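For reference, the structure discussed in these notes is given below.
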Amino acid sequence: MNRRLKGIRRTRIKNKDTMNLRVNVFYFGTFLLFCTIIIRLAILQLVEGPGLKDLETIGQVKNYPLEPVRGSIIDASGTRLAYSTSTQALYITLLKDYSSSDIGKKNRVEVEKLATEIVKVLNQYIETTADKLTIEDVMKSMDLDYKMQPGYAPRRIKANLTAREVAYFMEHKSKYPGIEVVEESGRQYNPDKVAVQTIGYLQEFRGTKEINKYKELDAKNKTLKDPGLMYTEREKVGVDGLEMMFQEMLRGKNGYMRIPVNPRNMVDGVPTMISPEKGYNVHTTIHKDIQVAAQQAIVDQLQWLRTHPVSGKLHPSAQTGYAVALEVDTGNVVAMASIPDYDPNVWEHGSDDWSTVLNHYRNGTISPYSSGRSGNRLESLVLLGSTVKPLTVLIGLNEKLFGPNDHYNDQGAAFFGKDNSRVRNAGGRAFGEINARQAIEHSSNAFMVDWIGEKLYAKYGSQSIEIWDKYMKDFGLGVSTQSGLPYEHVGTVEYNNIEQAGSYLAAMAYASFGQSGKYTTLQLAQYASTLANRGERIKPQLVSKIEDQNGQVIKQYKREVLNTVVFSEQYWEEVIAGMNTQGLRAFDDFKFDFARKTGTSEQDIYVDGQRKRLENGVFIAFAPREKPKLAVAVVIPEGGYGSSAAPVARKIFDAYDEVYGLDGSPKLLKE
């Protein structure tokens, strides 16, 4: 028994010794392993580190973007309204470290000598003293301490090189290490100032981030893999008009320089260049000859109103005017004029007086652009006035409030409401027994109030506002025209402001003769076109097609019907026959029968605390009356009576007849 216990005790002691040995071997092995790792890390960090870092960056390439060449905007006759011009710029790539580091300071003497040589050459070939550079200018452009851009990025020394400067540096390239002549582009606009607010303008991308379109592009930039699609901060983009509307089509694609760099972010090899791709060309429906005629017609009429009495008084505040001409059968906008305008080339070349630009760069035909800075006090959105009456009568006929042959006894005024509010005809004239057609021709306010405004309210009560609103929007008044232009306004609806009107009945009464809604000139043109098309509201087309640089059509735009209003053909006949405003001297010798309606919209403003009533000239028309080709809308704030806008429309019709022919045969071909 004792012998057995002693054996067990010896076995336990032996096992314990074996375990201790194993633990000691494990700890010692672990110690050796950690020592080896620490030593290896030290060797990697202190001995092999710099070499490995160099190996890691071998083959690293930076992409330096080259701005894309923007496509052109071309008018319907083939005239370029906006286009890119090729220019040459002198760039230098820093091949050594010239920074404030110890190494860089040693190289400064070399780069200062290079800058001196560059200045000597450039100043030898300058064309004007304004182009003269100094050594300090060149050294600043070189950005030797990398304050503006990384070391590998090429620095622009001078833009817009002359032909002689380009020839010299191309011939002596080997003499100037790092020097490159790079092609750039500048944006130019037609010198005749053709539809400048519709065409739009460019600004650097870095200054457009508050615009939703470019805010989204900036966010998308961070996820793009293709450097040719990335937007650069100094790249110019469209911020208004067609330049913005077709930004992606016009832009093209970035080029870029692939530059090998070393660990210090400096050039380490020969850069290669991927050339930019030119953008597509956008062909606008606007025709230069018709557009220029419209612009000049407004300028002439404004001058005439300021210097010739209309109804016994001058109109010195008539400083602005707007016109839109829209083809009835296609929807093509052939003219869109907003006066005053400006020379858009100032965005590229600068201006001595930016007030001449900032007062007029917005498109007053589509937005409530305040003309107060131009000398008068009203916005470009004005009340419809009597131009609403063709639609008012259509509503009355369609709602069976009266028939085409029913007669109304016009006594010169209408009275409505508990307070017996009165609405008078212009000049208080009484027309006696008139039917619907004659009510439009004579522009009877009394007829509109008594037989449409009051009767529609009597039929529908408070819902009459909704009924009226539906009809208005079906004709494009109070909704977008769908033109696609940036910043287009949908108009200001006022007939739904019951508190302001006093009652639902009063709201309907004022709406019936055009005193309860303000709309854009483009909306008025679409409304006139819808009348001409007998209920088809078509989309205003500003572009006919988009082509690549080889002339291949990428996209084509055709007539697009937005909605259709169905009325009895008899109603259309009555209303269009009633659009026959008399006494328009501007159309005395016009050879086409045409439908038209003048409007004198009255608006109250407050000057020095006192209320003052102003009249705007509003005019809509389409010609010919049968098989119409062109619809025109003209607005002249503070222009007096509606007939004051008629001469502008006449000149637009004449210009269109010259180019295309109101009867389908251009006047020039006939002669």
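Residue numbering restarts at 1 for every chain of the structure tokens, chains are lettered A, B, ... in their displayed order, and ligands are numbered from 1 as they appear.
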
Counting only C-alpha atoms, which residues in range 516-602 of chain A sit no more than 12 Å from range 649-659 of chain A? For each one, give the nearest pair of atoms and the distance in Å, sorted by chain then residue number, as JSON lines.
{"residue": "A:Ala525", "atom": "CA", "partner": "A:Ala649", "partner_atom": "CA", "distance": 11.4}
{"residue": "A:Leu584", "atom": "CA", "partner": "A:Arg650", "partner_atom": "CA", "distance": 10.0}
{"residue": "A:Arg585", "atom": "CA", "partner": "A:Arg650", "partner_atom": "CA", "distance": 10.1}
{"residue": "A:Ala586", "atom": "CA", "partner": "A:Arg650", "partner_atom": "CA", "distance": 6.6}
{"residue": "A:Phe587", "atom": "CA", "partner": "A:Arg650", "partner_atom": "CA", "distance": 6.5}
{"residue": "A:Asp588", "atom": "CA", "partner": "A:Arg650", "partner_atom": "CA", "distance": 10.1}
{"residue": "A:Asp589", "atom": "CA", "partner": "A:Arg650", "partner_atom": "CA", "distance": 10.3}
{"residue": "A:Phe590", "atom": "CA", "partner": "A:Arg650", "partner_atom": "CA", "distance": 8.2}
{"residue": "A:Lys591", "atom": "CA", "partner": "A:Asp654", "partner_atom": "CA", "distance": 10.2}
{"residue": "A:Phe592", "atom": "CA", "partner": "A:Phe653", "partner_atom": "CA", "distance": 9.9}
{"residue": "A:Phe594", "atom": "CA", "partner": "A:Phe653", "partner_atom": "CA", "distance": 10.4}
{"residue": "A:Arg596", "atom": "CA", "partner": "A:Ala649", "partner_atom": "CA", "distance": 10.1}
{"residue": "A:Lys597", "atom": "CA", "partner": "A:Ala649", "partner_atom": "CA", "distance": 11.5}
{"residue": "A:Thr598", "atom": "CA", "partner": "A:Ala649", "partner_atom": "CA", "distance": 11.2}

Produce a file of the selected residues containing N, CA and C atoms, as an mmCIF file, in the first residue's frame.
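The resulting part.cif:
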data_model
loop_
_atom_site.group_PDB
_atom_site.id
_atom_site.type_symbol
_atom_site.label_atom_id
_atom_site.label_comp_id
_atom_site.auth_asym_id
_atom_site.auth_seq_id
_atom_site.Cartn_x
_atom_site.Cartn_y
_atom_site.Cartn_z
ATOM 1 N N ALA A 525 -49.116 84.132 -74.658
ATOM 2 C CA ALA A 525 -48.909 83.610 -76.008
ATOM 3 C C ALA A 525 -49.472 82.192 -76.111
ATOM 4 N N LEU A 584 -57.278 99.831 -84.750
ATOM 5 C CA LEU A 584 -55.840 99.572 -84.609
ATOM 6 C C LEU A 584 -55.119 100.094 -85.848
ATOM 7 N N ARG A 585 -54.643 101.316 -85.752
ATOM 8 C CA ARG A 585 -54.012 101.937 -86.925
ATOM 9 C C ARG A 585 -52.769 101.180 -87.386
ATOM 10 N N ALA A 586 -52.115 100.515 -86.457
ATOM 11 C CA ALA A 586 -50.904 99.761 -86.818
ATOM 12 C C ALA A 586 -51.210 98.662 -87.825
ATOM 13 N N PHE A 587 -52.474 98.213 -87.895
ATOM 14 C CA PHE A 587 -52.854 97.120 -88.792
ATOM 15 C C PHE A 587 -53.711 97.594 -89.970
ATOM 16 N N ASP A 588 -53.731 98.905 -90.222
ATOM 17 C CA ASP A 588 -54.597 99.443 -91.282
ATOM 18 C C ASP A 588 -54.348 98.779 -92.637
ATOM 19 N N ASP A 589 -53.094 98.559 -92.993
ATOM 20 C CA ASP A 589 -52.773 97.992 -94.309
ATOM 21 C C ASP A 589 -52.363 96.519 -94.220
ATOM 22 N N PHE A 590 -52.704 95.863 -93.133
ATOM 23 C CA PHE A 590 -52.362 94.446 -92.966
ATOM 24 C C PHE A 590 -53.247 93.617 -93.891
ATOM 25 N N LYS A 591 -52.657 92.805 -94.728
ATOM 26 C CA LYS A 591 -53.406 92.111 -95.780
ATOM 27 C C LYS A 591 -54.090 90.839 -95.310
ATOM 28 N N PHE A 592 -53.829 90.422 -94.060
ATOM 29 C CA PHE A 592 -54.426 89.189 -93.553
ATOM 30 C C PHE A 592 -55.564 89.501 -92.591
ATOM 31 N N PHE A 594 -57.211 88.687 -89.290
ATOM 32 C CA PHE A 594 -56.588 88.104 -88.104
ATOM 33 C C PHE A 594 -57.466 88.338 -86.882
ATOM 34 N N ARG A 596 -57.794 89.208 -82.841
ATOM 35 C CA ARG A 596 -57.006 89.995 -81.889
ATOM 36 C C ARG A 596 -57.872 90.464 -80.725
ATOM 37 N N LYS A 597 -57.214 90.789 -79.637
ATOM 38 C CA LYS A 597 -57.905 91.365 -78.483
ATOM 39 C C LYS A 597 -56.934 92.229 -77.710
ATOM 40 N N THR A 598 -57.325 93.469 -77.502
ATOM 41 C CA THR A 598 -56.531 94.390 -76.679
ATOM 42 C C THR A 598 -56.963 94.269 -75.226
#

Q) Which neighbours of Thr521 in chain A fall inside 7 Å, counting only C-alpha atoms, when residues of the same chain fewer than 5 positions from it are skipped, and could you give them as JSON, numbers by chain? A) {"A": [322, 323, 324, 365, 366, 633, 634, 635]}

Selected residues written out, C-alpha atoms, as a compact mmCIF listing (two decimals), in the first residue's frame:
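As a result, out.txt now contains:
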# COMPACT_ATOMS: atom_id res chain seq x y z
CA TYR A 322 -42.12 92.01 -73.54
CA ALA A 323 -43.20 89.96 -76.55
CA VAL A 324 -43.51 86.27 -77.45
CA THR A 365 -41.40 87.14 -70.49
CA ILE A 366 -41.43 84.19 -68.07
CA ALA A 633 -48.57 88.31 -77.11
CA VAL A 634 -47.18 91.75 -76.19
CA VAL A 635 -47.07 93.45 -72.78

Within 12 Å of range 552-576 of chain A, which residues of range 597-671 of chain A come that close, and what is the closest atom pair and distance in Å for each? Count only C-alpha atoms and give it as CSV.
residue,atom,partner,partner_atom,distance
A:Lys597,CA,A:Ile576,CA,10.0
A:Ala621,CA,A:Ile576,CA,10.4
A:Phe622,CA,A:Ile576,CA,10.0
A:Ala623,CA,A:Ile576,CA,11.3
A:Pro624,CA,A:Ile576,CA,11.3
A:Arg625,CA,A:Ile576,CA,7.7
A:Glu626,CA,A:Ile576,CA,9.5
A:Pro628,CA,A:Ile576,CA,11.4

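For Ala153 in chain A, the list of residues within 9 Å, based on only C-alpha atoms and with local chain neighbours fewer than 4 positions off taken out, reads A:Lys62, A:Asn63, A:Tyr64, A:Ile92, A:Thr93, A:Leu94, A:Gln149, A:Ile259, A:Met266, A:Val267.
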
Could you turn the residues from that selection into a file that holds N, CA, C and O atoms, as a compact mmCIF listing (two decimals), in the first residue's frame?
# COMPACT_ATOMS: atom_id res chain seq x y z
N LYS A 62 -2.05 61.10 -61.03
CA LYS A 62 -3.05 62.12 -60.72
C LYS A 62 -3.67 62.62 -62.03
O LYS A 62 -2.97 62.79 -63.03
N ASN A 63 -4.98 62.83 -61.99
CA ASN A 63 -5.67 63.37 -63.17
C ASN A 63 -5.91 64.85 -62.99
O ASN A 63 -6.62 65.27 -62.07
N TYR A 64 -5.32 65.65 -63.89
CA TYR A 64 -5.54 67.10 -63.85
C TYR A 64 -6.54 67.45 -64.95
O TYR A 64 -6.29 67.24 -66.13
N ILE A 92 2.80 75.85 -67.00
CA ILE A 92 4.07 75.26 -66.58
C ILE A 92 3.82 74.20 -65.52
O ILE A 92 3.00 74.39 -64.61
N THR A 93 4.49 73.07 -65.66
CA THR A 93 4.44 72.00 -64.66
C THR A 93 5.76 72.03 -63.89
O THR A 93 6.84 72.01 -64.49
N LEU A 94 5.67 72.10 -62.56
CA LEU A 94 6.88 72.18 -61.73
C LEU A 94 7.55 70.81 -61.67
O LEU A 94 7.00 69.86 -61.12
N GLN A 149 -2.80 75.17 -55.27
CA GLN A 149 -2.97 73.88 -55.93
C GLN A 149 -1.80 72.98 -55.58
O GLN A 149 -0.74 73.45 -55.17
N ILE A 259 -0.89 62.52 -64.83
CA ILE A 259 0.44 62.96 -64.39
C ILE A 259 1.00 61.99 -63.35
O ILE A 259 0.43 61.85 -62.25
N MET A 266 4.92 65.49 -56.37
CA MET A 266 5.51 66.23 -57.48
C MET A 266 5.55 65.33 -58.71
O MET A 266 5.47 64.10 -58.61
N VAL A 267 5.69 65.94 -59.87
CA VAL A 267 5.71 65.20 -61.13
C VAL A 267 6.90 64.25 -61.15
O VAL A 267 8.02 64.62 -60.81

Q: Give the answer as one residue: which of A:Trp304, A:Tyr527, A:Tyr408, A:Tyr83 has the shortest atom-to-atom distance to Ile434 in chain A, using only C-alpha atoms?
A: A:Tyr408

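The neighbours of His489 in chain A here are the residues that come within 8 Å of it, using only C-alpha atoms and leaving out any residue fewer than 5 positions away in the same chain; they are Ile366, Ser367, Pro368, Ser480 and Thr520 of chain A.
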
Can I get the selection written as a PDB file, in the first residue's frame, with N, CA, C and O atoms?
ATOM      1  N   ILE A 366     -41.060  85.419 -68.779  1.00  0.00           N
ATOM      2  CA  ILE A 366     -41.432  84.191 -68.069  1.00  0.00           C
ATOM      3  C   ILE A 366     -41.432  84.351 -66.556  1.00  0.00           C
ATOM      4  O   ILE A 366     -41.822  83.428 -65.840  1.00  0.00           O
ATOM      5  N   SER A 367     -40.994  85.479 -66.039  1.00  0.00           N
ATOM      6  CA  SER A 367     -40.884  85.623 -64.592  1.00  0.00           C
ATOM      7  C   SER A 367     -41.299  87.027 -64.170  1.00  0.00           C
ATOM      8  O   SER A 367     -41.248  87.966 -64.966  1.00  0.00           O
ATOM      9  N   PRO A 368     -41.695  87.188 -62.903  1.00  0.00           N
ATOM     10  CA  PRO A 368     -42.148  88.504 -62.424  1.00  0.00           C
ATOM     11  C   PRO A 368     -40.983  89.427 -62.150  1.00  0.00           C
ATOM     12  O   PRO A 368     -40.734  89.837 -61.024  1.00  0.00           O
ATOM     13  N   SER A 480     -47.778  76.115 -65.332  1.00  0.00           N
ATOM     14  CA  SER A 480     -46.571  76.237 -66.145  1.00  0.00           C
ATOM     15  C   SER A 480     -46.892  75.976 -67.617  1.00  0.00           C
ATOM     16  O   SER A 480     -47.707  75.114 -67.949  1.00  0.00           O
ATOM     17  N   THR A 520     -47.628  85.710 -67.178  1.00  0.00           N
ATOM     18  CA  THR A 520     -46.446  86.041 -67.963  1.00  0.00           C
ATOM     19  C   THR A 520     -46.805  86.215 -69.431  1.00  0.00           C
ATOM     20  O   THR A 520     -47.852  85.736 -69.901  1.00  0.00           O
TER      21      THR A 520
END

Q: Step one, run DSSP on the backbone; step two, keep only residues of range 32-220 of chain A assigned to strand (DSSP E); then write them as a PyMOL selection string.
A: chain A and resi 61-66+73-74+80-92+155-158+179-189+202-204

Hey, can you spit out that residue selection with N, CA and C atoms as a compact mmCIF listing (two decimals), in the first residue's frame?
# COMPACT_ATOMS: atom_id res chain seq x y z
N VAL A 61 -0.94 57.86 -60.31
CA VAL A 61 -1.19 58.87 -61.33
C VAL A 61 -2.28 59.83 -60.84
N LYS A 62 -2.05 61.10 -61.03
CA LYS A 62 -3.05 62.12 -60.72
C LYS A 62 -3.67 62.62 -62.03
N ASN A 63 -4.98 62.83 -61.99
CA ASN A 63 -5.67 63.37 -63.17
C ASN A 63 -5.91 64.85 -62.99
N TYR A 64 -5.32 65.65 -63.89
CA TYR A 64 -5.54 67.10 -63.85
C TYR A 64 -6.54 67.45 -64.95
N PRO A 65 -7.73 67.98 -64.58
CA PRO A 65 -8.80 68.17 -65.57
C PRO A 65 -8.53 69.31 -66.54
N LEU A 66 -9.00 69.12 -67.77
CA LEU A 66 -8.99 70.16 -68.80
C LEU A 66 -10.45 70.44 -69.15
N ILE A 73 -25.18 77.19 -79.47
CA ILE A 73 -26.63 77.38 -79.57
C ILE A 73 -26.86 78.11 -80.88
N ILE A 74 -27.64 77.50 -81.76
CA ILE A 74 -27.79 77.97 -83.14
C ILE A 74 -29.24 78.30 -83.42
N ARG A 80 -25.12 81.31 -85.34
CA ARG A 80 -24.69 80.96 -83.99
C ARG A 80 -25.02 82.09 -83.02
N LEU A 81 -25.78 81.77 -81.99
CA LEU A 81 -26.14 82.77 -80.99
C LEU A 81 -25.24 82.68 -79.76
N ALA A 82 -24.71 81.49 -79.51
CA ALA A 82 -23.73 81.28 -78.43
C ALA A 82 -22.77 80.20 -78.90
N TYR A 83 -21.48 80.45 -78.75
CA TYR A 83 -20.50 79.50 -79.28
C TYR A 83 -19.18 79.64 -78.52
N SER A 84 -18.39 78.59 -78.59
CA SER A 84 -17.09 78.59 -77.91
C SER A 84 -15.98 78.91 -78.89
N THR A 85 -15.08 79.77 -78.48
CA THR A 85 -13.93 80.12 -79.30
C THR A 85 -12.68 79.48 -78.71
N SER A 86 -11.79 79.06 -79.58
CA SER A 86 -10.56 78.40 -79.14
C SER A 86 -9.50 79.44 -78.80
N THR A 87 -8.89 79.29 -77.63
CA THR A 87 -7.78 80.15 -77.23
C THR A 87 -6.64 79.26 -76.74
N GLN A 88 -5.44 79.82 -76.69
CA GLN A 88 -4.27 79.08 -76.24
C GLN A 88 -3.74 79.72 -74.96
N ALA A 89 -3.35 78.89 -74.02
CA ALA A 89 -2.82 79.38 -72.74
C ALA A 89 -1.47 78.73 -72.47
N LEU A 90 -0.63 79.46 -71.76
CA LEU A 90 0.71 78.98 -71.41
C LEU A 90 0.67 78.41 -70.00
N TYR A 91 1.03 77.13 -69.86
CA TYR A 91 1.07 76.44 -68.57
C TYR A 91 2.49 75.98 -68.28
N ILE A 92 2.80 75.85 -67.00
CA ILE A 92 4.07 75.26 -66.58
C ILE A 92 3.82 74.20 -65.52
N ARG A 155 0.44 74.97 -63.75
CA ARG A 155 0.08 76.35 -63.41
C ARG A 155 -0.14 77.17 -64.69
N ARG A 156 -1.23 77.92 -64.72
CA ARG A 156 -1.45 78.77 -65.90
C ARG A 156 -0.71 80.09 -65.72
N ILE A 157 0.18 80.35 -66.67
CA ILE A 157 0.99 81.58 -66.63
C ILE A 157 0.29 82.72 -67.35
N LYS A 158 -0.28 82.40 -68.52
CA LYS A 158 -0.96 83.45 -69.28
C LYS A 158 -2.02 82.82 -70.18
N ILE A 179 7.12 73.61 -69.73
CA ILE A 179 6.21 74.54 -70.40
C ILE A 179 5.32 73.78 -71.38
N GLU A 180 4.00 74.10 -71.36
CA GLU A 180 3.04 73.52 -72.30
C GLU A 180 2.11 74.62 -72.81
N VAL A 181 1.76 74.54 -74.10
CA VAL A 181 0.71 75.39 -74.66
C VAL A 181 -0.56 74.55 -74.71
N VAL A 182 -1.58 74.98 -73.96
CA VAL A 182 -2.81 74.20 -73.82
C VAL A 182 -3.98 74.96 -74.44
N GLU A 183 -4.80 74.22 -75.21
CA GLU A 183 -5.97 74.84 -75.82
C GLU A 183 -7.09 74.99 -74.79
N GLU A 184 -7.66 76.18 -74.74
CA GLU A 184 -8.81 76.46 -73.87
C GLU A 184 -9.93 77.05 -74.72
N SER A 185 -11.07 77.27 -74.10
CA SER A 185 -12.18 77.86 -74.86
C SER A 185 -12.81 78.99 -74.06
N GLY A 186 -13.36 79.96 -74.79
CA GLY A 186 -14.10 81.06 -74.18
C GLY A 186 -15.49 81.10 -74.80
N ARG A 187 -16.46 81.61 -74.06
CA ARG A 187 -17.84 81.67 -74.54
C ARG A 187 -18.12 83.03 -75.15
N GLN A 188 -18.65 83.01 -76.37
CA GLN A 188 -19.01 84.23 -77.08
C GLN A 188 -20.49 84.21 -77.43
N TYR A 189 -21.09 85.39 -77.47
CA TYR A 189 -22.50 85.53 -77.82
C TYR A 189 -22.65 86.47 -79.01
N LEU A 202 -23.17 82.01 -68.47
CA LEU A 202 -22.38 81.03 -67.71
C LEU A 202 -21.75 81.67 -66.48
N GLN A 203 -21.53 80.83 -65.47
CA GLN A 203 -20.74 81.21 -64.31
C GLN A 203 -19.89 80.01 -63.89
N GLU A 204 -18.84 80.28 -63.11
CA GLU A 204 -18.00 79.18 -62.63
C GLU A 204 -18.80 78.27 -61.70

Q. Looking at only C-alpha atoms, which of A:Glu399, A:Asp604, A:Asp548, A:Asp663 is the one that sits closest to Tyr471 in chain A?
A. A:Glu399
